[in-house]
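Shown here: protein35.pdb, PDB, C-alpha atoms, pLDDT in the B column.
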ATOM      1  CA  MET A  12     -11.499   4.172  -2.185  1.00 68.00           C
ATOM      2  CA  GLN A  13     -14.614   6.272  -2.251  1.00 75.00           C
ATOM      3  CA  ILE A  14     -13.489   9.607  -3.624  1.00 81.00           C
ATOM      4  CA  PRO A  15     -16.175  12.278  -3.947  1.00 80.00           C
ATOM      5  CA  ASP A  16     -16.549  13.793  -7.407  1.00 86.00           C
ATOM      6  CA  GLY A  17     -13.936  16.421  -8.108  1.00 90.00           C
ATOM      7  CA  GLU A  18     -11.624  15.426  -5.228  1.00 90.00           C
ATOM      8  CA  PHE A  19      -9.304  12.972  -7.005  1.00 90.00           C
ATOM      9  CA  ASP A  20      -6.562  15.567  -7.555  1.00 94.00           C
ATOM     10  CA  THR A  21      -6.760  16.582  -3.888  1.00 95.00           C
ATOM     11  CA  VAL A  22      -6.449  12.949  -2.769  1.00 92.00           C
ATOM     12  CA  VAL A  23      -3.407  12.496  -5.024  1.00 92.00           C
ATOM     13  CA  ARG A  24      -1.814  15.676  -3.659  1.00 96.00           C
ATOM     14  CA  ASP A  25      -2.535  14.762  -0.030  1.00 96.00           C
ATOM     15  CA  SER A  26      -1.302  11.168  -0.348  1.00 95.00           C
ATOM     16  CA  HIS A  27       1.876  12.276  -2.131  1.00 96.00           C
ATOM     17  CA  ALA A  28       2.462  14.776   0.692  1.00 98.00           C
ATOM     18  CA  VAL A  29       2.424  11.910   3.222  1.00 98.00           C
ATOM     19  CA  ILE A  30       4.903   9.971   1.066  1.00 97.00           C
ATOM     20  CA  ASP A  31       7.106  13.078   0.838  1.00 98.00           C
ATOM     21  CA  ASP A  32       6.986  13.367   4.649  1.00 98.00           C
ATOM     22  CA  ALA A  33       7.957   9.688   4.986  1.00 98.00           C
ATOM     23  CA  LYS A  34      10.904  10.236   2.651  1.00 98.00           C
ATOM     24  CA  ALA A  35      12.004  13.304   4.644  1.00 98.00           C
ATOM     25  CA  ALA A  36      11.704  11.283   7.877  1.00 98.00           C
ATOM     26  CA  GLY A  37      13.892   8.526   6.411  1.00 98.00           C
ATOM     27  CA  VAL A  38      11.237   5.812   6.847  1.00 98.00           C
ATOM     28  CA  TYR A  39      10.157   5.419   3.195  1.00 98.00           C
ATOM     29  CA  VAL A  40      11.163   2.181   1.426  1.00 97.00           C
ATOM     30  CA  PHE A  41       8.860   2.151  -1.620  1.00 95.00           C
ATOM     31  CA  ALA A  42       5.252   2.673  -2.649  1.00 95.00           C
ATOM     32  CA  GLY A  43       3.070   2.264  -5.686  1.00 92.00           C
ATOM     33  CA  GLY A  44      -0.285   1.330  -7.056  1.00 88.00           C
ATOM     34  CA  LEU A  45      -1.467  -1.957  -8.481  1.00 88.00           C
ATOM     35  CA  ASP A  46      -1.846  -1.775 -12.269  1.00 89.00           C
ATOM     36  CA  ASP A  47      -5.439  -2.834 -12.900  1.00 85.00           C
ATOM     37  CA  GLY A  48      -4.733  -2.832 -16.649  1.00 90.00           C
ATOM     38  CA  VAL A  49      -2.643  -5.993 -16.320  1.00 91.00           C
ATOM     39  CA  PRO A  50      -4.470  -9.266 -15.557  1.00 90.00           C
ATOM     40  CA  VAL A  51      -3.766 -10.924 -12.213  1.00 92.00           C
ATOM     41  CA  MET A  52      -1.995 -14.288 -12.583  1.00 94.00           C
ATOM     42  CA  ARG A  53      -1.383 -17.216 -10.275  1.00 94.00           C
ATOM     43  CA  VAL A  54       1.729 -19.251 -11.077  1.00 97.00           C
ATOM     44  CA  ALA A  55       2.069 -22.786  -9.690  1.00 96.00           C
ATOM     45  CA  ALA A  56       5.303 -24.507  -8.697  1.00 97.00           C
ATOM     46  CA  ASP A  57       5.290 -26.415 -12.005  1.00 98.00           C
ATOM     47  CA  GLY A  58       5.125 -23.129 -13.935  1.00 97.00           C
ATOM     48  CA  THR A  59       1.463 -23.376 -14.863  1.00 97.00           C
ATOM     49  CA  ALA A  60       0.023 -19.861 -15.120  1.00 97.00           C
ATOM     50  CA  THR A  61      -3.672 -19.227 -14.520  1.00 95.00           C
ATOM     51  CA  GLU A  62      -5.364 -15.880 -14.984  1.00 92.00           C
ATOM     52  CA  GLY A  63      -7.063 -14.582 -11.859  1.00 90.00           C
ATOM     53  CA  GLY A  64      -6.277 -14.249  -8.189  1.00 87.00           C
ATOM     54  CA  TYR A  65      -7.003 -16.730  -5.459  1.00 87.00           C
ATOM     55  CA  PRO A  66     -10.681 -17.700  -5.817  1.00 85.00           C
ATOM     56  CA  ASP A  67     -11.327 -17.555  -2.066  1.00 87.00           C
ATOM     57  CA  GLY A  68      -9.353 -14.350  -1.492  1.00 80.00           C
ATOM     58  CA  PRO A  69     -10.496 -10.748  -1.684  1.00 79.00           C
ATOM     59  CA  ALA A  70      -9.835  -8.711  -4.808  1.00 77.00           C
ATOM     60  CA  LEU A  71      -6.903  -6.386  -4.227  1.00 77.00           C
ATOM     61  CA  ASP A  72      -7.030  -2.862  -5.561  1.00 75.00           C
ATOM     62  CA  GLY A  73      -5.369   0.437  -4.883  1.00 80.00           C
ATOM     63  CA  GLY A  74      -1.774   0.572  -3.839  1.00 86.00           C
ATOM     64  CA  PHE A  75       0.587   0.081  -0.974  1.00 90.00           C
ATOM     65  CA  ALA A  76       3.426   1.762   0.829  1.00 95.00           C
ATOM     66  CA  VAL A  77       6.331   0.116   2.623  1.00 96.00           C
ATOM     67  CA  PHE A  78       7.954   2.027   5.456  1.00 97.00           C
ATOM     68  CA  GLU A  79      10.716   0.935   7.837  1.00 96.00           C
ATOM     69  CA  LEU A  80       9.538   1.968  11.278  1.00 97.00           C
ATOM     70  CA  PRO A  81      10.745   1.477  14.850  1.00 96.00           C
ATOM     71  CA  SER A  82       7.451   0.293  16.355  1.00 96.00           C
ATOM     72  CA  ARG A  83       3.902  -0.818  15.727  1.00 96.00           C
ATOM     73  CA  GLU A  84       2.709   2.453  17.198  1.00 97.00           C
ATOM     74  CA  ALA A  85       4.715   4.375  14.583  1.00 98.00           C
ATOM     75  CA  ALA A  86       3.219   2.160  11.870  1.00 97.00           C
ATOM     76  CA  ILE A  87      -0.288   2.924  13.120  1.00 98.00           C
ATOM     77  CA  ASP A  88       0.481   6.663  13.084  1.00 98.00           C
ATOM     78  CA  TRP A  89       1.737   6.549   9.473  1.00 98.00           C
ATOM     79  CA  ALA A  90      -1.208   4.356   8.400  1.00 97.00           C
ATOM     80  CA  ALA A  91      -3.591   6.883   9.951  1.00 98.00           C
ATOM     81  CA  ARG A  92      -1.930   9.689   8.008  1.00 98.00           C
ATOM     82  CA  LEU A  93      -2.308   7.717   4.774  1.00 96.00           C
ATOM     83  CA  ALA A  94      -5.931   6.855   5.613  1.00 94.00           C
ATOM     84  CA  LYS A  95      -6.752  10.523   6.091  1.00 95.00           C
ATOM     85  CA  ALA A  96      -4.997  11.504   2.857  1.00 94.00           C
ATOM     86  CA  CYS A  97      -6.526   8.676   0.799  1.00 90.00           C
ATOM     87  CA  ARG A  98      -9.994   8.977   2.379  1.00 90.00           C
ATOM     88  CA  CYS A  99     -10.094   5.260   3.156  1.00 88.00           C
ATOM     89  CA  ALA A 100      -8.977   2.791   5.804  1.00 91.00           C
ATOM     90  CA  GLN A 101      -5.526   1.281   5.413  1.00 93.00           C
ATOM     91  CA  GLU A 102      -4.607  -2.342   6.050  1.00 92.00           C
ATOM     92  CA  LEU A 103      -1.472  -2.582   8.180  1.00 94.00           C
ATOM     93  CA  ARG A 104       0.865  -5.552   7.740  1.00 92.00           C
ATOM     94  CA  VAL A 105       4.306  -6.340   9.086  1.00 90.00           C
ATOM     95  CA  PHE A 106       7.014  -7.936   6.953  1.00 88.00           C
ATOM     96  CA  HIS A 107       8.966 -10.699   8.630  1.00 87.00           C
ATOM     97  CA  PHE A 108      12.680 -10.027   8.245  1.00 85.00           C
ATOM     98  CA  ASP A 109      14.498 -12.918   6.598  1.00 90.00           C
ATOM     99  CA  PRO A 110      18.238 -12.605   7.279  1.00 91.00           C
ATOM    100  CA  ALA A 111      18.977 -15.016   4.410  1.00 94.00           C
ATOM    101  CA  SER A 112      17.366 -12.732   1.829  1.00 87.00           C
TER
END
Here is a file; write its structure as C-alpha cells.
Amino acid sequence: MQIPDGEFDTVVRDSHAVIDDAKAAGVYVFAGGLDDGVPVMRVAADGTATEGGYPDGPALDGGFAVFELPSREAAIDWAARLAKACRCAQELRVFHFDPAS
C-alpha cells in the first residue's frame, strides 16, 4: 500500500466502510491483517519449523478479506471497492469448496 502522508486514518475509515457494507449485504465471512510483528514460519510434514516464508515466493503483507459471493463478477465488484478504499490493487482468489471439511 502506498498511502500518502496524513491519509492513513482515511484509508482505515474507507476500508472499514466497505467491510461494513459487506456485512450488511450478508456476504462477509471474515477479514484481517497479517501481523508483521510475528515471524513467518514454514512447518514441514515432520514438524520441522523454519523461520521465513517460501524463498521463491513473494513477501505477503497487508491483509485479506473473505466474502461469499454468487459470481466472479460480484467478486470483482467487491475487490474494486476494496481497491479504491485501500488505495491499492487487490489480488482476487477463489477458494475451492471441500465438502469433506
**OP:** Go through the shown structure with the PyMOL selection byres ((chain A and resi 17-25) around 12) and write out the matching residues as a ChimeraX atom specification.
**Re:** /A:12-16,26-32,44,92-99
Subject >> Exercise: stretch 102-109 of chain A partners within 10 Å, all atoms listed in the file, chain neighbours under 2 positions left out, as a ChimeraX atom specification >> reply: /A:75-79,83,86-87,89-91,94,99-100,111-112
What does the file look like for those residues with C-alpha atoms, as a PDB file, in the coordinates of the input?
ATOM      1  CA  PHE A  75       0.587   0.081  -0.974  1.00 90.00           C
ATOM      2  CA  ALA A  76       3.426   1.762   0.829  1.00 95.00           C
ATOM      3  CA  VAL A  77       6.331   0.116   2.623  1.00 96.00           C
ATOM      4  CA  PHE A  78       7.954   2.027   5.456  1.00 97.00           C
ATOM      5  CA  GLU A  79      10.716   0.935   7.837  1.00 96.00           C
ATOM      6  CA  ARG A  83       3.902  -0.818  15.727  1.00 96.00           C
ATOM      7  CA  ALA A  86       3.219   2.160  11.870  1.00 97.00           C
ATOM      8  CA  ILE A  87      -0.288   2.924  13.120  1.00 98.00           C
ATOM      9  CA  TRP A  89       1.737   6.549   9.473  1.00 98.00           C
ATOM     10  CA  ALA A  90      -1.208   4.356   8.400  1.00 97.00           C
ATOM     11  CA  ALA A  91      -3.591   6.883   9.951  1.00 98.00           C
ATOM     12  CA  ALA A  94      -5.931   6.855   5.613  1.00 94.00           C
ATOM     13  CA  CYS A  99     -10.094   5.260   3.156  1.00 88.00           C
ATOM     14  CA  ALA A 100      -8.977   2.791   5.804  1.00 91.00           C
ATOM     15  CA  ALA A 111      18.977 -15.016   4.410  1.00 94.00           C
ATOM     16  CA  SER A 112      17.366 -12.732   1.829  1.00 87.00           C
TER      17      SER A 112
END
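Between atom CA of A:Val40 and atom CA of A:Asp88 the separation is 16.4 Å.
Interatomic distance, atom CA of A:Pro81 to atom CA of A:Pro69: 29.6 Å.
Atom CA of A:Ala55 is positioned 25.6 Å from atom CA of A:Pro110.
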Subject >> Evaluate the PyMOL selection byres ((chain A and resi 50) around 12) and report residues as number ranges by chain >> reply: A: 45-49, 51-53, 60-64, 71
Give me the box for stretch 30-45 of chain A as JSON, namely the centre and edge lengths in Å to one decimal of a box along x, y and z that holds every listed atom plus 6 Å on each side.
{"center_x": 6.2, "center_y": 5.7, "center_z": -0.3, "size_x": 27.4, "size_y": 27.3, "size_z": 28.4}
